[in-house]
Amino acid sequence: MPRPFHLALLLSLALPLSAQQSYPTDWSPTLASRPDIKAALAIIEHTYPKHVDEWIRLTQMPSPSHHENVRAAYIRQQLEAAGLTVTTDSIGNVAGRRKGTFTGPTIVIASHMDIVQPMGVDLTVKHSGDTLRAPGVFDNTASIANVLAVVRAMAEARVKSNANFVFLFTAQEEIGLRGMDWWLDHNPRPDMLIASDGGLGPIAYGALGIYWTKYTFSSEGSHTVTSRGKPTPVKALADAIDHIYQLKTEPLPEGAVLNVGQVHGGTIYNGIPQDLYFTMDLRGQNPVLIDSLDRAIDKIAAAAAKRENVQYRKETVLRNTAGGTEAMLAGARRNPIVQTAIDIHHYLGIDIGAPGKEAVAAGTTDANMGVVRGIPSIAIGRAIGGNQHTLAEWADGKSALPATKMVLLLVMSLGENKLQPAGIVP
Ligand SMILES: [Zn+2]
């Protein structure tokens, strides 16, 4: 049948590359008209004023990393009231489990509880029109409120699910995704992981690698008067930093970025300091590239110490593995979890980017920990907002409503379509 073949070939040549891609999806709009799902969506809609009240209450609970306990206790209470089986683990994560009817996949929906502001910062939410302003109101308190609304709507509408859901509220996300790392190390491997974190926008299915390292230079020190010609860690440190910034890298997303965030040392004017250090924040999606940059930086620092004849020490503070470039993650992009999320955003009229740009092989959320373990994982947005990690953080109240409906439709779509009734082995 040569004709159809040639026709197809011609068509494929005429279309731009992005339009040729078609990815598998688990979304079907009929799910939204299933009576229990329809009821749950209606509950999300009409309880929205309460949802916003709770969002404000949660935002006003202080929750720096390591001190998530106030929010954790509140969340635990809410999950138990909705009939979930709740556990709090030793790192501070709260997990609410909702068992499915059949042996379906286990899907984790994660929201981090911690904020970057320390204790004592004024967290009072200021309302102007639909805009809510307060530190942490957007990142990531909006997600917690959205997910709690979904949990309650599912309970009230008696939503039947085949999948097992774990509504996970993580600790210590802001200091290196530690709560999620710990949770995945200490629990059975889930089938899918969805992090609700970030503004509404493209679906993130990758993982930005983040390496934090501390480089220390030390010497015996000396009074200034007797310092002439003596080794000084100041020169070694300056020499190292100068050479590090000469390293050539392509920019993100496929290249890397490095930044010296801290330079510390010395206590007096009149002497050579004994200890100095600088810190490095190195980021990139390509694990091969950032590993090679990490080694290059190490070599530069060691050589600078040797030239100046001072001691040198490297301390590894954080190693969050990179997920890979777009080409490396082609398989992850084809997993239905990505296209299902895109389709549901479109169904709800949520703008997530131009065609072909609705998904990115990037990410800096709890989902990273799934990506690097090979678990199908994505990060989805929670609302429209901005200025995160500053005192001027804000969120658009209205935008959280479609984002909440999206969470419900997404987890149900992913959970319903690949199930075997209990006891039946395919
Ligand atoms: Zn966040």
# chains A, B, ... in the order shown; residues from 1 in each chain; ligands from 1
call {"tool": "residues_around", "arguments": {"residues": "Tyr347 in chain A", "least_positions_apart": "2", "cutoff": "12 Å", "atoms": "only C-alpha atoms", "output": "list in words"}}
result
Trp27, Ser28, Pro29, Thr30, Leu31, Ala32, Thr340, Ala341, Ile342, Asp343, Ile344, His345, Gly349, Ile350, Asp351, Ile352, Pro402, Ala403, Lys405, Met406, Leu409 and Leu410 of chain A
call {"tool": "residues_near_ligand", "arguments": {"ligand": "ligand 1", "cutoff": "6 Å", "atoms": "only C-alpha atoms and all ligand atoms", "output": "mmCIF file with N, CA and C atoms, in the first residue's frame"}}
result
data_model
loop_
_atom_site.group_PDB
_atom_site.id
_atom_site.type_symbol
_atom_site.label_atom_id
_atom_site.label_comp_id
_atom_site.auth_asym_id
_atom_site.auth_seq_id
_atom_site.Cartn_x
_atom_site.Cartn_y
_atom_site.Cartn_z
ATOM 1 N N ASP A 139 4.588 29.609 48.219
ATOM 2 C CA ASP A 139 5.521 28.471 48.301
ATOM 3 C C ASP A 139 5.647 28.017 49.741
ATOM 4 N N ASN A 140 4.957 27.030 50.186
ATOM 5 C CA ASN A 140 4.163 26.111 49.409
ATOM 6 C C ASN A 140 2.829 25.884 50.098
ATOM 7 N N ASP A 197 4.008 21.859 43.739
ATOM 8 C CA ASP A 197 4.969 22.893 44.143
ATOM 9 C C ASP A 197 5.298 23.715 42.898
#
call {"tool": "closest_residue", "arguments": {"among": "A:Ser222, A:Thr216, A:Ser63, A:Gln77", "to": "Asp122 in chain A", "atoms": "only C-alpha atoms"}}
result
A:Ser63
call {"tool": "residues_around", "arguments": {"residues": "Ile297 in chain A", "least_positions_apart": "3", "cutoff": "12 Å", "atoms": "only C-alpha atoms", "output": "count of residues only"}}
result
34
call {"tool": "closest_atom_pairs", "arguments": {"of": "range 184-292 of chain A", "to": "range 373-378 of chain A", "cutoff": "8 Å", "atoms": "only C-alpha atoms", "output": "Markdown table"}}
result
| residue | atom | partner | partner_atom | distance |
| --- | --- | --- | --- | --- |
| A:Pro190 | CA | A:Ile375 | CA | 7.4 |
| A:Asp191 | CA | A:Ile375 | CA | 6.5 |
| A:Met192 | CA | A:Pro376 | CA | 5.1 |
| A:Leu193 | CA | A:Ser377 | CA | 4.6 |
| A:Ile194 | CA | A:Ile378 | CA | 5.1 |
| A:Ala195 | CA | A:Ile378 | CA | 6.3 |
| A:Ile203 | CA | A:Ile378 | CA | 6.6 |
| A:Ala204 | CA | A:Ile378 | CA | 5.4 |
| A:Tyr205 | CA | A:Ile378 | CA | 4.6 |
| A:Gly206 | CA | A:Ile378 | CA | 7.5 |
call {"tool": "write_last_selection", "arguments": {"atoms": "C-alpha atoms", "output": "compact mmCIF listing (two decimals), in the first residue's frame"}}
result
# COMPACT_ATOMS: atom_id res chain seq x y z
CA PRO A 190 5.50 4.09 44.96
CA ASP A 191 4.40 3.72 41.32
CA MET A 192 4.11 7.46 40.72
CA LEU A 193 5.04 10.65 42.47
CA ILE A 194 3.46 14.06 41.99
CA ALA A 195 4.87 17.11 43.75
CA ILE A 203 4.78 20.27 33.87
CA ALA A 204 8.27 19.52 35.20
CA TYR A 205 9.40 15.92 34.67
CA GLY A 206 13.15 16.36 35.22
call {"tool": "closest_residue", "arguments": {"among": "A:Asn335, A:Thr404, A:Asn164, A:Gln78", "to": "Thr47 in chain A", "atoms": "only C-alpha atoms"}}
result
A:Thr404
call {"tool": "closest_residue", "arguments": {"among": "A:Asp114, A:Asp181, A:Asp53, A:Glu156", "to": "Ala40 in chain A", "atoms": "only C-alpha atoms"}}
result
A:Glu156
call {"tool": "closest_residue", "arguments": {"among": "A:Ala332, A:Leu132, A:Ile75, A:Val407", "to": "Val360 in chain A", "atoms": "only C-alpha atoms"}}
result
A:Ala332
call {"tool": "closest_residue", "arguments": {"among": "A:Ile337, A:Val116, A:Ala72, A:Ala367", "to": "Thr88 in chain A", "atoms": "only C-alpha atoms"}}
result
A:Ala72
call {"tool": "select_by_dssp", "arguments": {"residues": "range 124-257 of chain A", "states": "strand (DSSP E or B)", "output": "PyMOL selection string"}}
result
chain A and resi 126-128+131-133+164-170+192-196+199+203-204+209-218+222-223+256-257
call {"tool": "write_last_selection", "arguments": {"atoms": "C-alpha atoms", "output": "mmCIF file, in the first residue's frame"}}
result
data_model
loop_
_atom_site.group_PDB
_atom_site.id
_atom_site.type_symbol
_atom_site.label_atom_id
_atom_site.label_comp_id
_atom_site.auth_asym_id
_atom_site.auth_seq_id
_atom_site.Cartn_x
_atom_site.Cartn_y
_atom_site.Cartn_z
ATOM 1 C CA LYS A 126 -2.789 40.745 53.839
ATOM 2 C CA HIS A 127 -5.725 40.556 51.491
ATOM 3 C CA SER A 128 -6.192 42.952 48.601
ATOM 4 C CA THR A 131 -4.397 38.702 46.064
ATOM 5 C CA LEU A 132 -3.015 37.213 49.267
ATOM 6 C CA ARG A 133 0.299 38.565 50.541
ATOM 7 C CA ASN A 164 -3.859 3.736 46.726
ATOM 8 C CA PHE A 165 -3.131 7.362 47.469
ATOM 9 C CA VAL A 166 -0.497 8.676 49.833
ATOM 10 C CA PHE A 167 -1.075 12.344 50.632
ATOM 11 C CA LEU A 168 2.383 13.230 51.810
ATOM 12 C CA PHE A 169 3.310 16.482 53.542
ATOM 13 C CA THR A 170 7.072 16.709 53.621
ATOM 14 C CA MET A 192 4.108 7.457 40.719
ATOM 15 C CA LEU A 193 5.042 10.649 42.466
ATOM 16 C CA ILE A 194 3.459 14.057 41.988
ATOM 17 C CA ALA A 195 4.874 17.111 43.752
ATOM 18 C CA SER A 196 2.489 20.026 44.093
ATOM 19 C CA GLY A 199 3.515 28.312 39.950
ATOM 20 C CA ILE A 203 4.779 20.266 33.872
ATOM 21 C CA ALA A 204 8.271 19.524 35.203
ATOM 22 C CA GLY A 209 21.076 18.670 40.051
ATOM 23 C CA ILE A 210 22.226 20.799 42.987
ATOM 24 C CA TYR A 211 25.692 20.429 44.501
ATOM 25 C CA TRP A 212 26.699 22.447 47.558
ATOM 26 C CA THR A 213 30.342 22.304 48.578
ATOM 27 C CA LYS A 214 32.477 24.163 51.108
ATOM 28 C CA TYR A 215 36.172 24.787 50.313
ATOM 29 C CA THR A 216 38.390 25.749 53.245
ATOM 30 C CA PHE A 217 41.955 27.103 53.102
ATOM 31 C CA SER A 218 44.086 27.320 56.222
ATOM 32 C CA SER A 222 50.862 35.599 61.405
ATOM 33 C CA HIS A 223 50.924 39.178 62.731
ATOM 34 C CA ALA A 256 25.230 24.535 34.115
ATOM 35 C CA VAL A 257 25.476 27.499 36.452
#
call {"tool": "select_by_dssp", "arguments": {"residues": "range 20-134 of chain A", "states": "helix (DSSP H, G or I)", "output": "number ranges by chain"}}
result
A: 20, 29-33, 35-46, 48-59, 69-81
call {"tool": "atom_distance", "arguments": {"atom1": "CA of Trp55 in chain A", "atom2": "CA of Gly176 in chain A"}}
result
24.5 Å
call {"tool": "atom_distance", "arguments": {"atom1": "CA of Gly381 in chain A", "atom2": "CA of Gly83 in chain A"}}
result
26.3 Å
call {"tool": "closest_residue", "arguments": {"among": "A:Gln274, A:Gln117, A:Thr232, A:Asn387", "to": "Lys306 in chain A", "atoms": "only C-alpha atoms"}}
result
A:Thr232
call {"tool": "decode", "arguments": {"residues": "range 203-345 of chain A", "atoms": "C-alpha atoms", "output": "short mmCIF file (atom, residue, chain, number, x, y, z; two decimals), in the first residue's frame"}}
result
data_model
loop_
_atom_site.label_atom_id
_atom_site.label_comp_id
_atom_site.auth_asym_id
_atom_site.auth_seq_id
_atom_site.Cartn_x
_atom_site.Cartn_y
_atom_site.Cartn_z
CA ILE A 203 4.78 20.27 33.87
CA ALA A 204 8.27 19.52 35.20
CA TYR A 205 9.40 15.92 34.67
CA GLY A 206 13.15 16.36 35.22
CA ALA A 207 15.47 17.19 38.09
CA LEU A 208 17.96 19.99 38.33
CA GLY A 209 21.08 18.67 40.05
CA ILE A 210 22.23 20.80 42.99
CA TYR A 211 25.69 20.43 44.50
CA TRP A 212 26.70 22.45 47.56
CA THR A 213 30.34 22.30 48.58
CA LYS A 214 32.48 24.16 51.11
CA TYR A 215 36.17 24.79 50.31
CA THR A 216 38.39 25.75 53.25
CA PHE A 217 41.96 27.10 53.10
CA SER A 218 44.09 27.32 56.22
CA SER A 219 47.54 28.40 57.34
CA GLU A 220 49.42 29.06 60.58
CA GLY A 221 48.59 32.77 60.42
CA SER A 222 50.86 35.60 61.41
CA HIS A 223 50.92 39.18 62.73
CA THR A 224 50.94 41.66 59.82
CA VAL A 225 54.38 42.95 60.84
CA THR A 226 55.93 39.49 60.35
CA SER A 227 53.65 38.45 57.46
CA ARG A 228 55.78 39.43 54.48
CA GLY A 229 56.30 36.44 52.17
CA LYS A 230 54.35 34.02 54.36
CA PRO A 231 51.65 31.76 52.86
CA THR A 232 48.19 33.24 53.22
CA PRO A 233 44.87 31.48 52.62
CA VAL A 234 43.48 34.80 51.35
CA LYS A 235 45.56 34.61 48.19
CA ALA A 236 44.74 30.93 47.64
CA LEU A 237 41.02 31.58 48.04
CA ALA A 238 41.07 34.61 45.70
CA ASP A 239 43.14 32.67 43.14
CA ALA A 240 40.74 29.69 43.27
CA ILE A 241 37.59 31.81 42.88
CA ASP A 242 39.15 33.75 40.02
CA HIS A 243 39.97 30.53 38.13
CA ILE A 244 36.58 28.93 38.87
CA TYR A 245 34.77 31.85 37.22
CA GLN A 246 36.89 31.30 34.11
CA LEU A 247 35.34 27.84 33.62
CA LYS A 248 33.31 27.93 30.43
CA THR A 249 29.82 26.41 30.53
CA GLU A 250 26.74 26.59 28.37
CA PRO A 251 23.83 28.31 30.19
CA LEU A 252 20.90 26.43 31.73
CA PRO A 253 18.71 24.54 30.90
CA GLU A 254 21.11 22.09 29.23
CA GLY A 255 24.35 23.60 30.55
CA ALA A 256 25.23 24.54 34.12
CA VAL A 257 25.48 27.50 36.45
CA LEU A 258 27.81 28.01 39.38
CA ASN A 259 27.82 30.60 42.12
CA VAL A 260 30.04 31.37 45.09
CA GLY A 261 27.42 32.27 47.68
CA GLN A 262 29.58 32.84 50.78
CA VAL A 263 33.11 33.92 51.53
CA HIS A 264 34.04 33.84 55.19
CA GLY A 265 37.16 34.17 57.26
CA GLY A 266 39.45 36.35 59.27
CA THR A 267 38.60 38.20 62.45
CA ILE A 268 41.14 41.05 62.70
CA TYR A 269 42.82 43.73 60.56
CA ASN A 270 46.35 43.04 61.74
CA GLY A 271 47.13 39.46 60.81
CA ILE A 272 47.06 36.64 58.23
CA PRO A 273 43.87 34.67 58.94
CA GLN A 274 44.19 31.00 59.84
CA ASP A 275 40.99 29.79 58.17
CA LEU A 276 38.96 30.99 55.20
CA TYR A 277 36.27 29.32 53.18
CA PHE A 278 33.99 29.83 50.24
CA THR A 279 30.87 27.93 49.31
CA MET A 280 29.86 26.71 45.88
CA ASP A 281 26.33 26.24 44.54
CA LEU A 282 26.63 24.25 41.31
CA ARG A 283 23.51 23.40 39.31
CA GLY A 284 22.66 21.63 36.08
CA GLN A 285 20.43 18.98 34.54
CA ASN A 286 23.19 16.93 32.96
CA PRO A 287 24.75 14.69 35.63
CA VAL A 288 27.86 14.04 33.51
CA LEU A 289 28.45 17.76 33.06
CA ILE A 290 28.02 18.79 36.68
CA ASP A 291 30.15 15.89 37.91
CA SER A 292 32.94 17.03 35.59
CA LEU A 293 32.58 20.65 36.74
CA ASP A 294 32.65 19.49 40.36
CA ARG A 295 35.95 17.68 39.71
CA ALA A 296 37.36 20.70 37.83
CA ILE A 297 36.51 23.04 40.74
CA ASP A 298 38.13 20.63 43.16
CA LYS A 299 41.32 20.57 41.06
CA ILE A 300 41.40 24.38 40.79
CA ALA A 301 41.04 24.80 44.56
CA ALA A 302 43.70 22.15 45.29
CA ALA A 303 46.12 23.75 42.81
CA ALA A 304 45.55 27.23 44.29
CA ALA A 305 46.30 25.88 47.77
CA LYS A 306 49.46 24.18 46.51
CA ARG A 307 50.73 27.33 44.75
CA GLU A 308 50.30 29.36 47.94
CA ASN A 309 51.53 26.53 50.17
CA VAL A 310 48.45 26.49 52.42
CA GLN A 311 46.24 23.58 53.54
CA TYR A 312 43.04 22.84 51.69
CA ARG A 313 39.94 20.85 52.56
CA LYS A 314 36.73 20.11 50.66
CA GLU A 315 33.45 19.42 52.44
CA THR A 316 30.50 17.99 50.54
CA VAL A 317 27.34 19.57 51.95
CA LEU A 318 24.61 18.56 49.49
CA ARG A 319 24.49 16.31 46.43
CA ASN A 320 21.07 16.29 44.77
CA THR A 321 21.59 14.20 41.67
CA ALA A 322 20.68 15.67 38.28
CA GLY A 323 17.88 13.95 36.37
CA GLY A 324 19.31 14.37 32.86
CA THR A 325 18.92 16.47 29.75
CA GLU A 326 15.80 16.44 27.58
CA ALA A 327 17.37 13.75 25.37
CA MET A 328 18.33 11.63 28.38
CA LEU A 329 14.77 11.92 29.74
CA ALA A 330 12.94 11.07 26.48
CA GLY A 331 11.53 7.95 28.14
CA ALA A 332 10.27 9.89 31.16
CA ARG A 333 8.49 12.32 28.83
CA ARG A 334 6.66 9.41 27.19
CA ASN A 335 5.29 8.17 30.52
CA PRO A 336 1.52 8.94 30.54
CA ILE A 337 1.89 10.85 33.82
CA VAL A 338 3.22 13.88 31.85
CA GLN A 339 0.67 14.07 29.04
CA THR A 340 -2.24 13.28 31.39
CA ALA A 341 -1.28 16.30 33.50
CA ILE A 342 -1.00 18.51 30.40
CA ASP A 343 -4.39 17.38 29.07
CA ILE A 344 -6.14 18.05 32.40
CA HIS A 345 -4.67 21.55 32.62
#
